[in-house]
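So the structure is just underneath, and the comments pick up after that.
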Amino acid sequence: MPIWNPEYESMPRDDLEKLQGQRLSQIAAYVYHKIPIYRRKFQEMGLTPDDIQGLDDLKRLPFTTKQDLRDEYPFSNFAVPIEDVVRIHASSGTTGKPTVGGYTRKDLALWAEVMARTVTSCGVTNKDIAHNAYGYGLFTGGLGFHLGYQTVGATVVPVSGGMTRRQLMLLEDFGATVMTCTPSYSLVLAEEAAELGINFRDRMKVRVGIFGAEPWTEEMRREIEERLGLEAYDIYGLTEIIGPGVSVECEYHNGMHINEDHFLPEIIDPKTGEQLPYGAEGELVFTTLTKEAMPVIRYRTRDLTVLHAEKCSCGRTVVRMEKVRGRTDDMLIVRGVNIFPSLIEKTLLNVDGLEPQYQIIVDRSKEQLDRLEIRVEANHRFFDPIDTRVLDQLRADAESALLQTLGIRTDVKLLGPNSLERSLGKAKRVVDKRELYEG
Ligand code: DLL
């Protein structure tokens with residue numbers, strides 16, 4: 001498949017690392033002179049921009065945390081005056097203030113470039129009709145993809161989120177060949193279609209889906225590909241770095257290629273902050289090498305993954321990141337056991353008869369013991385009429401599969417079709433009621 005910008009995406013690694021080194025020393029000087037919080041951090045560590053001469057000096061630079069950006073809310077961490085900022089986006093932020101991203105004209109051109117690379121990597125060309133169901137607005141998903149599709153000359157349908165039935169009509173009438181939304185919303189579209197008696201696979205022409213903005217497992221990919229009859233690509237990004245456009249899979253689906261000439265990745269041990277080698281799992285950290293309005297140095301994403309540096313069969317030489325395993329702050333500690341929601345998803349989807357709709361509830365009993373309840377929808381065929389014997393067996397199977405993978409007992413509650421709330425964007429999978437008892 002074609003590569004949008006082979007000069008950079010397939011650059012020999014030695015040359016790429018040299019370029020990254022030069023850009024790193026430039027950005028270190030830039031943030032030092034333009035952003036007070038970085039000057040302060042450098043000074044506290046006794047660093048000057050001259051100390052940063054190349055990639056080997058990356059380790060010497062200070063980290064940036066989400067809290068650092070919150071403290072500068074809304075615009076104090078911008079490196080340019082507000083007159084030069086032409087666009088603002090923000091993360092959804094479930095609690096408190098959102099994290100803001102600012103873009104100059106040059107940043108938007110960079111975003112268009114990395115999003116053009118992104119959609120090209122998924123096989124999108126100017127012949128495609130792209131149904132873009134990511135939310136348009138402050139969220140970076142809608143407008144980010146919009147830029148990418150326009151840049152490669154695809155016909156973009158800026159449908160945004162919501163009005164699911166209407167989306168199905170437009171998908172069919174316009175003959176969309178590509179669609180983009182969160183993986184959870186793709187299933188909502190498939191379900192709604194089934195409800196209307198439409199077989200999504202047969203009726204729609206969609207050949208490619210580019211899904212991200214939330215964690216999803218390989219098992220979820222299989223479900224989506226099966227139900228929608230398309231090839232599903234994983235895309236990763238975050239507002240603090242640029243939005244979507246940080247990394248995406250290619251046709252080999254063996255990790256997401258990072259646009260490393262602009263976003264320099266590292267993996268660190270989340271406890272000690274120590275840099276880890278390729279192949280080791282840890283927290284993903286990014287330094288933006290070329291951004292103007294809101295550059296960040298060693299931004300701690302809290303996302304856990306593994307990086308690989310071997311050249312991919314597609315010809316790209318940039319580092320690949322594995323599917324995100326979870327977030328450091330998503331990990332549940334239940335009765336002393338560390339549990340990632342992704343492991344629960346994987347386990348449930350391997351139990352025949354369960355649907356890819358679930359919610360994880362953690363609660364604490366009067367005796368101060370943590371309880372893990374998994375609410376999951378079972379296939380509609382067990383409910384019409386209700387077949388309690390089969391449902392009891394299915395629940396027992398699910399509990400035993402979870403005991404085996406998690407190592408602790410869970411209570412599985414089977415639900416009928418459409419019992420759990422569906423989301424237009426990121427699904428809320430975990431409800432931790434224990435927070436109510438704290439402080
Ligand atoms: O979710 C940007 C985006 C839009 C990415 C559209 C992909 C497609 P935020 O709202 O700032 O930005 O959320 C960023 O979402 O730190 C991850 O925890 C999570 N996330 C994003 N993509 C993935 C993915 C957008 N493919 C946060 N797999 C990140 C797992 C993801 N988690």
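The way I read the labels, and the way they are meant: chains A, B, ... in the order of the structure tokens, residue 1 as the first residue of every chain, and ligand 1 as the first ligand shown, with later ones counted on from there.
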
What do you get as a short mmCIF file (atom, residue, chain, number, x, y, z; two decimals) with all heavy atoms, in the first residue's frame if you pick all residues at most 6 Å from ligand 1, counting only C-alpha atoms and all ligand atoms?
data_model
loop_
_atom_site.label_atom_id
_atom_site.label_comp_id
_atom_site.auth_asym_id
_atom_site.auth_seq_id
_atom_site.Cartn_x
_atom_site.Cartn_y
_atom_site.Cartn_z
N SER A 91 -9.71 18.04 25.83
CA SER A 91 -10.09 16.65 26.11
C SER A 91 -11.41 16.67 26.87
O SER A 91 -11.74 17.66 27.52
CB SER A 91 -9.03 15.99 26.95
OG SER A 91 -9.08 16.52 28.25
N SER A 92 -12.12 15.55 26.80
CA SER A 92 -13.44 15.50 27.42
C SER A 92 -13.36 15.71 28.94
O SER A 92 -14.21 16.37 29.50
CB SER A 92 -14.13 14.19 27.08
OG SER A 92 -13.18 13.16 26.96
N THR A 140 -10.89 16.25 19.62
CA THR A 140 -10.00 16.32 18.46
C THR A 140 -10.36 15.33 17.35
O THR A 140 -9.87 15.46 16.23
CB THR A 140 -8.55 16.03 18.88
OG1 THR A 140 -8.55 14.79 19.61
CG2 THR A 140 -7.98 17.14 19.74
N GLY A 141 -11.20 14.33 17.68
CA GLY A 141 -11.46 13.24 16.73
C GLY A 141 -12.07 13.72 15.41
O GLY A 141 -11.57 13.42 14.33
N GLY A 212 -10.50 4.29 17.38
CA GLY A 212 -9.59 4.58 18.48
C GLY A 212 -10.24 5.52 19.47
O GLY A 212 -11.46 5.62 19.53
N ALA A 213 -9.41 6.19 20.25
CA ALA A 213 -9.83 7.14 21.30
C ALA A 213 -10.21 6.44 22.59
O ALA A 213 -10.51 7.10 23.60
CB ALA A 213 -10.95 8.07 20.84
N GLU A 214 -10.23 5.11 22.59
CA GLU A 214 -10.50 4.35 23.82
C GLU A 214 -9.83 2.99 23.67
O GLU A 214 -9.57 2.54 22.55
CB GLU A 214 -12.01 4.18 24.03
CG GLU A 214 -12.68 3.35 22.94
CD GLU A 214 -14.19 3.24 23.10
OE1 GLU A 214 -14.75 3.89 23.99
OE2 GLU A 214 -14.80 2.48 22.32
N PRO A 215 -9.55 2.33 24.79
CA PRO A 215 -8.90 1.02 24.68
C PRO A 215 -9.86 -0.02 24.10
O PRO A 215 -11.06 0.03 24.37
CB PRO A 215 -8.56 0.66 26.14
CG PRO A 215 -9.03 1.77 26.99
CD PRO A 215 -9.76 2.75 26.17
N ASP A 234 -6.48 0.27 14.23
CA ASP A 234 -6.40 0.97 15.52
C ASP A 234 -5.64 2.28 15.34
O ASP A 234 -4.59 2.30 14.69
CB ASP A 234 -5.66 0.07 16.54
CG ASP A 234 -5.84 0.55 17.97
OD1 ASP A 234 -6.57 1.53 18.21
OD2 ASP A 234 -5.24 -0.08 18.88
N ILE A 235 -6.18 3.33 15.91
CA ILE A 235 -5.50 4.65 15.86
C ILE A 235 -5.42 5.22 17.27
O ILE A 235 -6.37 5.13 18.03
CB ILE A 235 -6.23 5.64 14.94
CG1 ILE A 235 -5.66 7.05 15.17
CG2 ILE A 235 -7.73 5.67 15.16
CD1 ILE A 235 -5.82 7.98 14.06
N TYR A 236 -4.25 5.80 17.57
CA TYR A 236 -4.01 6.33 18.91
C TYR A 236 -3.62 7.80 18.82
O TYR A 236 -2.94 8.23 17.88
CB TYR A 236 -2.86 5.54 19.55
CG TYR A 236 -2.35 6.13 20.85
CD1 TYR A 236 -2.93 5.77 22.06
CD2 TYR A 236 -1.30 7.04 20.85
CE1 TYR A 236 -2.46 6.31 23.26
CE2 TYR A 236 -0.83 7.58 22.05
CZ TYR A 236 -1.42 7.21 23.24
OH TYR A 236 -0.97 7.74 24.41
N GLY A 237 -4.05 8.54 19.81
CA GLY A 237 -3.62 9.94 19.90
C GLY A 237 -4.17 10.57 21.16
O GLY A 237 -4.99 9.97 21.86
N LEU A 238 -3.71 11.77 21.45
CA LEU A 238 -4.22 12.49 22.62
C LEU A 238 -4.10 13.99 22.42
O LEU A 238 -3.20 14.46 21.72
CB LEU A 238 -3.53 12.03 23.92
CG LEU A 238 -2.05 12.18 24.12
CD1 LEU A 238 -1.72 11.93 25.59
CD2 LEU A 238 -1.27 11.19 23.29
N THR A 239 -5.03 14.70 23.03
CA THR A 239 -5.13 16.16 22.87
C THR A 239 -3.81 16.85 23.19
O THR A 239 -3.42 17.78 22.49
CB THR A 239 -6.21 16.69 23.84
OG1 THR A 239 -7.35 15.86 23.74
CG2 THR A 239 -6.57 18.12 23.54
N GLY A 243 -3.84 15.26 19.16
CA GLY A 243 -5.14 14.63 18.87
C GLY A 243 -4.84 13.33 18.14
O GLY A 243 -3.76 12.76 18.32
N PRO A 244 -5.76 12.85 17.28
CA PRO A 244 -5.40 11.68 16.47
C PRO A 244 -4.27 12.10 15.53
O PRO A 244 -4.15 13.28 15.21
CB PRO A 244 -6.69 11.40 15.68
CG PRO A 244 -7.43 12.70 15.64
CD PRO A 244 -7.09 13.39 16.93
N THR A 301 1.85 10.09 29.41
CA THR A 301 0.48 9.85 28.92
C THR A 301 -0.36 9.02 29.89
O THR A 301 -1.57 9.01 29.78
CB THR A 301 0.51 9.06 27.60
OG1 THR A 301 1.06 7.77 27.85
CG2 THR A 301 1.33 9.77 26.54
N ASP A 303 -0.61 6.00 29.58
CA ASP A 303 -1.00 4.82 28.80
C ASP A 303 0.13 3.80 28.85
O ASP A 303 1.30 4.16 28.71
CB ASP A 303 -1.29 5.22 27.35
CG ASP A 303 -2.51 6.12 27.25
OD1 ASP A 303 -3.51 5.85 27.96
OD2 ASP A 303 -2.47 7.11 26.50
N VAL A 324 -2.70 -0.34 23.28
CA VAL A 324 -2.60 0.15 24.66
C VAL A 324 -3.24 -0.88 25.60
O VAL A 324 -4.36 -1.32 25.38
CB VAL A 324 -3.30 1.53 24.80
CG1 VAL A 324 -3.35 1.98 26.24
CG2 VAL A 324 -2.58 2.56 23.94
#

Identify, with DSSP run on backbone atoms, the residues in region 228-358 of chain A assigned to strand (DSSP E), and express the list as a PyMOL selection string.
chain A and resi 231-238+243-248+256-258+263-268+275-276+281-288+299-308+320-321+326-327+332-334+337-339+354-358

Give me the residues within 12 Å of Trp111 (chain A) as a PyMOL selection string, counting only C-alpha atoms and dropping any in the same chain fewer than 5 places off.
chain A and resi 87+102-106+116-118+140-141+143-151+237+239+241-246+259+262-263+290-292

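Of the residues under consideration (A:His380, A:Lys413, A:Lys18, A:Arg302), A:Lys18 shows the shortest atom-to-atom contact distance to Glu260 (chain A) when counting only C-alpha atoms.
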
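CA of Glu266 (chain A) sits 15.3 Å away from CA of Glu310 (chain A).
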
Residues near Arg227 (chain A), anyone? I mean within 9 Å using only C-alpha atoms, not counting same-chain ones fewer than 5 positions away, as a VMD selection string.
chain A and resid 187 190 to 191 199 to 201 222

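With only C-alpha atoms taken into account, the protein and nucleic acid residues at most 9 Å from Val337 (chain A) (excluding it and anything under 6 positions from it in its own chain) are Leu406, Gly407 and Ile408 of chain A.
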
Those of region 10-224 of chain A in DSSP alpha helix (DSSP H), formatted as an MDAnalysis selection string
chainID A and resid 13:34 36:44 66:71 105:121 140:152 164:174 183:195 200:203 218:224

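Residues in contact with region 158-169 of chain A at up to 9 Å, not including ones fewer than 6 positions away on its chain and judged by only C-alpha atoms, are Ala130, His131, Asn132, Ala133, Tyr134, Gly135, Tyr136, Gly137, Gly142, Leu143, His146, Cys181, Tyr185, Val188, Leu189, Ala190, Glu192, Ala193, Leu196, Phe200, Met204, Leu424 and Gly425 of chain A.
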
Save out the residues we just selected, N, CA, C and O atoms, as a PDB file, in the first residue's frame.
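See out-v8.pdb below for the written result:
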ATOM      1  N   ALA A 130     -15.650   8.995   2.981  1.00  0.00           N
ATOM      2  CA  ALA A 130     -15.310   8.735   4.382  1.00  0.00           C
ATOM      3  C   ALA A 130     -16.375   9.289   5.322  1.00  0.00           C
ATOM      4  O   ALA A 130     -16.582  10.502   5.400  1.00  0.00           O
ATOM      5  N   HIS A 131     -17.055   8.372   5.980  1.00  0.00           N
ATOM      6  CA  HIS A 131     -18.115   8.719   6.942  1.00  0.00           C
ATOM      7  C   HIS A 131     -17.420   8.957   8.279  1.00  0.00           C
ATOM      8  O   HIS A 131     -16.940   8.015   8.913  1.00  0.00           O
ATOM      9  N   ASN A 132     -17.366  10.214   8.706  1.00  0.00           N
ATOM     10  CA  ASN A 132     -16.602  10.546   9.913  1.00  0.00           C
ATOM     11  C   ASN A 132     -17.545  10.795  11.081  1.00  0.00           C
ATOM     12  O   ASN A 132     -18.108  11.878  11.221  1.00  0.00           O
ATOM     13  N   ALA A 133     -17.712   9.764  11.924  1.00  0.00           N
ATOM     14  CA  ALA A 133     -18.663   9.853  13.040  1.00  0.00           C
ATOM     15  C   ALA A 133     -17.989  10.180  14.369  1.00  0.00           C
ATOM     16  O   ALA A 133     -18.608  10.052  15.419  1.00  0.00           O
ATOM     17  N   TYR A 134     -16.714  10.581  14.330  1.00  0.00           N
ATOM     18  CA  TYR A 134     -16.109  11.122  15.561  1.00  0.00           C
ATOM     19  C   TYR A 134     -16.749  12.467  15.833  1.00  0.00           C
ATOM     20  O   TYR A 134     -17.085  13.201  14.892  1.00  0.00           O
ATOM     21  N   GLY A 135     -16.881  12.801  17.120  1.00  0.00           N
ATOM     22  CA  GLY A 135     -17.508  14.070  17.479  1.00  0.00           C
ATOM     23  C   GLY A 135     -16.752  15.267  16.924  1.00  0.00           C
ATOM     24  O   GLY A 135     -15.529  15.343  17.021  1.00  0.00           O
ATOM     25  N   TYR A 136     -17.494  16.177  16.289  1.00  0.00           N
ATOM     26  CA  TYR A 136     -16.920  17.453  15.861  1.00  0.00           C
ATOM     27  C   TYR A 136     -17.120  18.421  17.018  1.00  0.00           C
ATOM     28  O   TYR A 136     -18.184  18.445  17.629  1.00  0.00           O
ATOM     29  N   GLY A 137     -16.133  19.218  17.298  1.00  0.00           N
ATOM     30  CA  GLY A 137     -16.254  20.158  18.404  1.00  0.00           C
ATOM     31  C   GLY A 137     -14.934  20.238  19.117  1.00  0.00           C
ATOM     32  O   GLY A 137     -13.867  20.120  18.499  1.00  0.00           O
ATOM     33  N   GLY A 142     -13.164  14.461  15.503  1.00  0.00           N
ATOM     34  CA  GLY A 142     -13.898  14.866  14.305  1.00  0.00           C
ATOM     35  C   GLY A 142     -13.051  15.727  13.381  1.00  0.00           C
ATOM     36  O   GLY A 142     -12.796  15.375  12.217  1.00  0.00           O
ATOM     37  N   LEU A 143     -12.602  16.856  13.885  1.00  0.00           N
ATOM     38  CA  LEU A 143     -11.874  17.794  13.020  1.00  0.00           C
ATOM     39  C   LEU A 143     -10.498  17.261  12.621  1.00  0.00           C
ATOM     40  O   LEU A 143      -9.998  17.596  11.548  1.00  0.00           O
ATOM     41  N   HIS A 146     -11.143  14.986   9.759  1.00  0.00           N
ATOM     42  CA  HIS A 146     -11.616  15.830   8.669  1.00  0.00           C
ATOM     43  C   HIS A 146     -10.418  16.369   7.868  1.00  0.00           C
ATOM     44  O   HIS A 146     -10.387  16.287   6.636  1.00  0.00           O
ATOM     45  N   CYS A 181     -14.967   6.220  13.942  1.00  0.00           N
ATOM     46  CA  CYS A 181     -15.666   6.520  15.189  1.00  0.00           C
ATOM     47  C   CYS A 181     -14.957   5.711  16.279  1.00  0.00           C
ATOM     48  O   CYS A 181     -13.973   5.021  15.984  1.00  0.00           O
ATOM     49  N   TYR A 185     -18.724   2.797  19.445  1.00  0.00           N
ATOM     50  CA  TYR A 185     -19.845   3.326  18.642  1.00  0.00           C
ATOM     51  C   TYR A 185     -20.036   2.514  17.357  1.00  0.00           C
ATOM     52  O   TYR A 185     -21.157   2.412  16.856  1.00  0.00           O
ATOM     53  N   VAL A 188     -22.529   0.087  18.146  1.00  0.00           N
ATOM     54  CA  VAL A 188     -23.867   0.670  18.278  1.00  0.00           C
ATOM     55  C   VAL A 188     -24.509   0.763  16.888  1.00  0.00           C
ATOM     56  O   VAL A 188     -25.681   0.439  16.696  1.00  0.00           O
ATOM     57  N   LEU A 189     -23.711   1.158  15.899  1.00  0.00           N
ATOM     58  CA  LEU A 189     -24.227   1.243  14.528  1.00  0.00           C
ATOM     59  C   LEU A 189     -24.659  -0.146  14.031  1.00  0.00           C
ATOM     60  O   LEU A 189     -25.716  -0.294  13.422  1.00  0.00           O
ATOM     61  N   ALA A 190     -23.850  -1.152  14.328  1.00  0.00           N
ATOM     62  CA  ALA A 190     -24.185  -2.507  13.876  1.00  0.00           C
ATOM     63  C   ALA A 190     -25.466  -2.998  14.553  1.00  0.00           C
ATOM     64  O   ALA A 190     -26.330  -3.611  13.915  1.00  0.00           O
ATOM     65  N   GLU A 192     -27.915  -1.164  15.877  1.00  0.00           N
ATOM     66  CA  GLU A 192     -29.083  -0.405  15.410  1.00  0.00           C
ATOM     67  C   GLU A 192     -29.510  -0.925  14.038  1.00  0.00           C
ATOM     68  O   GLU A 192     -30.697  -1.064  13.751  1.00  0.00           O
ATOM     69  N   ALA A 193     -28.522  -1.243  13.214  1.00  0.00           N
ATOM     70  CA  ALA A 193     -28.827  -1.795  11.895  1.00  0.00           C
ATOM     71  C   ALA A 193     -29.592  -3.109  12.067  1.00  0.00           C
ATOM     72  O   ALA A 193     -30.643  -3.314  11.450  1.00  0.00           O
ATOM     73  N   LEU A 196     -33.105  -2.743  12.853  1.00  0.00           N
ATOM     74  CA  LEU A 196     -33.925  -2.327  11.708  1.00  0.00           C
ATOM     75  C   LEU A 196     -34.023  -3.433  10.655  1.00  0.00           C
ATOM     76  O   LEU A 196     -34.553  -3.226   9.569  1.00  0.00           O
ATOM     77  N   PHE A 200     -25.584  -5.117   8.356  1.00  0.00           N
ATOM     78  CA  PHE A 200     -24.573  -4.085   8.051  1.00  0.00           C
ATOM     79  C   PHE A 200     -23.555  -4.601   7.036  1.00  0.00           C
ATOM     80  O   PHE A 200     -23.218  -3.935   6.072  1.00  0.00           O
ATOM     81  N   MET A 204     -23.870  -2.399   3.563  1.00  0.00           N
ATOM     82  CA  MET A 204     -22.981  -1.240   3.456  1.00  0.00           C
ATOM     83  C   MET A 204     -21.733  -1.583   2.641  1.00  0.00           C
ATOM     84  O   MET A 204     -21.292  -2.722   2.625  1.00  0.00           O
ATOM     85  N   LEU A 424     -21.950   7.530  22.433  1.00  0.00           N
ATOM     86  CA  LEU A 424     -21.667   8.036  21.080  1.00  0.00           C
ATOM     87  C   LEU A 424     -20.174   8.178  20.879  1.00  0.00           C
ATOM     88  O   LEU A 424     -19.680   8.211  19.774  1.00  0.00           O
ATOM     89  N   GLY A 425     -19.458   8.313  22.013  1.00  0.00           N
ATOM     90  CA  GLY A 425     -18.013   8.496  21.926  1.00  0.00           C
ATOM     91  C   GLY A 425     -17.324   7.427  22.735  1.00  0.00           C
ATOM     92  O   GLY A 425     -17.504   6.243  22.477  1.00  0.00           O
TER      93      GLY A 425
END

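Comparing A:Pro81, A:Gly326, A:Gly282, A:Pro270 by their smallest distance to Phe63 (chain A), the closest is A:Pro270 (using only C-alpha atoms).
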
Neighbour list for region 374-379 of chain A as a PyMOL selection string, cut-off 10 Å, only C-alpha atoms, skip fewer than 6 positions in-chain:
chain A and resi 344-345+348+352-362+391+394-395+398-399+402+410-420+429-430

Writer output for current selection, N, CA and C atoms, as a compact mmCIF listing (two decimals), in the first residue's frame:
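In the end it all went to again-v8.txt:
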# COMPACT_ATOMS: atom_id res chain seq x y z
N ILE A 344 -10.45 -8.14 31.34
CA ILE A 344 -11.85 -8.57 31.52
C ILE A 344 -12.55 -8.62 30.16
N GLU A 345 -12.31 -7.59 29.34
CA GLU A 345 -12.94 -7.57 28.01
C GLU A 345 -12.54 -8.80 27.19
N LEU A 348 -14.25 -11.98 28.57
CA LEU A 348 -15.69 -12.05 28.29
C LEU A 348 -15.95 -12.39 26.82
N ASP A 352 -18.55 -17.85 24.56
CA ASP A 352 -19.56 -17.88 23.51
C ASP A 352 -20.95 -17.58 24.09
N GLY A 353 -21.66 -16.64 23.50
CA GLY A 353 -23.01 -16.32 23.98
C GLY A 353 -23.06 -14.95 24.66
N LEU A 354 -21.88 -14.38 24.96
CA LEU A 354 -21.86 -13.04 25.56
C LEU A 354 -21.67 -11.99 24.47
N GLU A 355 -22.23 -10.82 24.72
CA GLU A 355 -22.13 -9.72 23.76
C GLU A 355 -20.99 -8.78 24.15
N PRO A 356 -20.46 -8.00 23.20
CA PRO A 356 -19.37 -7.07 23.55
C PRO A 356 -19.87 -5.80 24.24
N GLN A 357 -20.79 -5.95 25.18
CA GLN A 357 -21.33 -4.81 25.94
C GLN A 357 -21.22 -5.18 27.40
N TYR A 358 -20.36 -4.47 28.12
CA TYR A 358 -20.15 -4.84 29.52
C TYR A 358 -19.81 -3.62 30.35
N GLN A 359 -19.97 -3.78 31.65
CA GLN A 359 -19.55 -2.73 32.58
C GLN A 359 -18.97 -3.40 33.82
N ILE A 360 -17.94 -2.76 34.37
CA ILE A 360 -17.26 -3.33 35.52
C ILE A 360 -17.58 -2.46 36.73
N ILE A 361 -18.13 -3.07 37.77
CA ILE A 361 -18.48 -2.29 38.95
C ILE A 361 -17.62 -2.79 40.12
N VAL A 362 -16.92 -1.89 40.75
CA VAL A 362 -16.16 -2.28 41.94
C VAL A 362 -16.82 -1.62 43.12
N LEU A 391 -28.92 -19.63 30.67
CA LEU A 391 -28.33 -18.41 31.22
C LEU A 391 -27.51 -18.71 32.48
N LEU A 394 -24.30 -20.13 31.36
CA LEU A 394 -23.47 -19.09 30.75
C LEU A 394 -22.81 -18.24 31.84
N ARG A 395 -23.58 -17.92 32.89
CA ARG A 395 -23.02 -17.12 33.98
C ARG A 395 -21.90 -17.90 34.67
N ALA A 398 -18.85 -17.83 32.54
CA ALA A 398 -18.17 -16.52 32.55
C ALA A 398 -17.41 -16.35 33.86
N GLU A 399 -18.04 -16.72 34.98
CA GLU A 399 -17.37 -16.56 36.27
C GLU A 399 -16.12 -17.43 36.34
N LEU A 402 -13.36 -15.92 34.21
CA LEU A 402 -12.78 -14.73 34.85
C LEU A 402 -11.89 -15.12 36.03
N THR A 410 -15.41 -13.20 40.83
CA THR A 410 -16.23 -12.04 40.42
C THR A 410 -17.69 -12.47 40.44
N ASP A 411 -18.59 -11.51 40.52
CA ASP A 411 -20.02 -11.81 40.36
C ASP A 411 -20.42 -11.35 38.98
N VAL A 412 -20.86 -12.28 38.17
CA VAL A 412 -21.30 -11.90 36.83
C VAL A 412 -22.80 -11.74 36.83
N LYS A 413 -23.26 -10.64 36.29
CA LYS A 413 -24.70 -10.40 36.15
C LYS A 413 -25.01 -10.36 34.66
N LEU A 414 -25.83 -11.30 34.20
CA LEU A 414 -26.15 -11.31 32.77
C LEU A 414 -27.34 -10.40 32.51
N LEU A 415 -27.24 -9.62 31.48
CA LEU A 415 -28.31 -8.67 31.17
C LEU A 415 -28.89 -8.98 29.79
N GLY A 416 -30.11 -8.52 29.60
CA GLY A 416 -30.75 -8.70 28.29
C GLY A 416 -30.22 -7.68 27.29
N PRO A 417 -30.62 -7.84 26.04
CA PRO A 417 -30.14 -6.93 24.99
C PRO A 417 -30.44 -5.47 25.33
N ASN A 418 -29.51 -4.60 25.00
CA ASN A 418 -29.70 -3.16 25.16
C ASN A 418 -29.91 -2.66 26.57
N SER A 419 -29.44 -3.40 27.57
CA SER A 419 -29.64 -2.97 28.96
C SER A 419 -28.63 -1.90 29.35
N LEU A 420 -27.42 -2.00 28.84
CA LEU A 420 -26.40 -1.04 29.24
C LEU A 420 -26.46 0.19 28.32
N ARG A 429 -16.58 2.11 30.88
CA ARG A 429 -16.63 0.68 31.21
C ARG A 429 -16.51 0.42 32.71
N VAL A 430 -15.91 1.33 33.44
CA VAL A 430 -15.62 1.04 34.85
C VAL A 430 -16.35 2.03 35.76

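Distances here use only C-alpha atoms; by that measure, the residue among A:Ile258, A:Met1, A:Val208, A:Met220 closest to Met115 (chain A) is A:Ile258.
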
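With only C-alpha atoms as the atoms that count, the minimum distance from Ile88 (chain A) to the choices A:Leu276, A:Met294, A:Ile35, A:Glu113 is reached by A:Met294.
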
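Minimum atom-to-atom distance to Glu83 (chain A), evaluated using only C-alpha atoms, belongs to A:Ala293 out of A:Ala293, A:Arg203, A:Glu226, A:Ala109.
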
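Interatomic distance, CA of Asn5 (chain A) to CA of Tyr299 (chain A): 25.8 Å.
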
Atomic separation - CA of Ser423 (chain A) relative to CA of Ser184 (chain A), Å:
7.2 Å

Measuring between only C-alpha atoms, which one of A:Val124, A:Leu264, A:Ala154, A:Met331 shows the shortest distance to Glu17 (chain A)?
A:Leu264
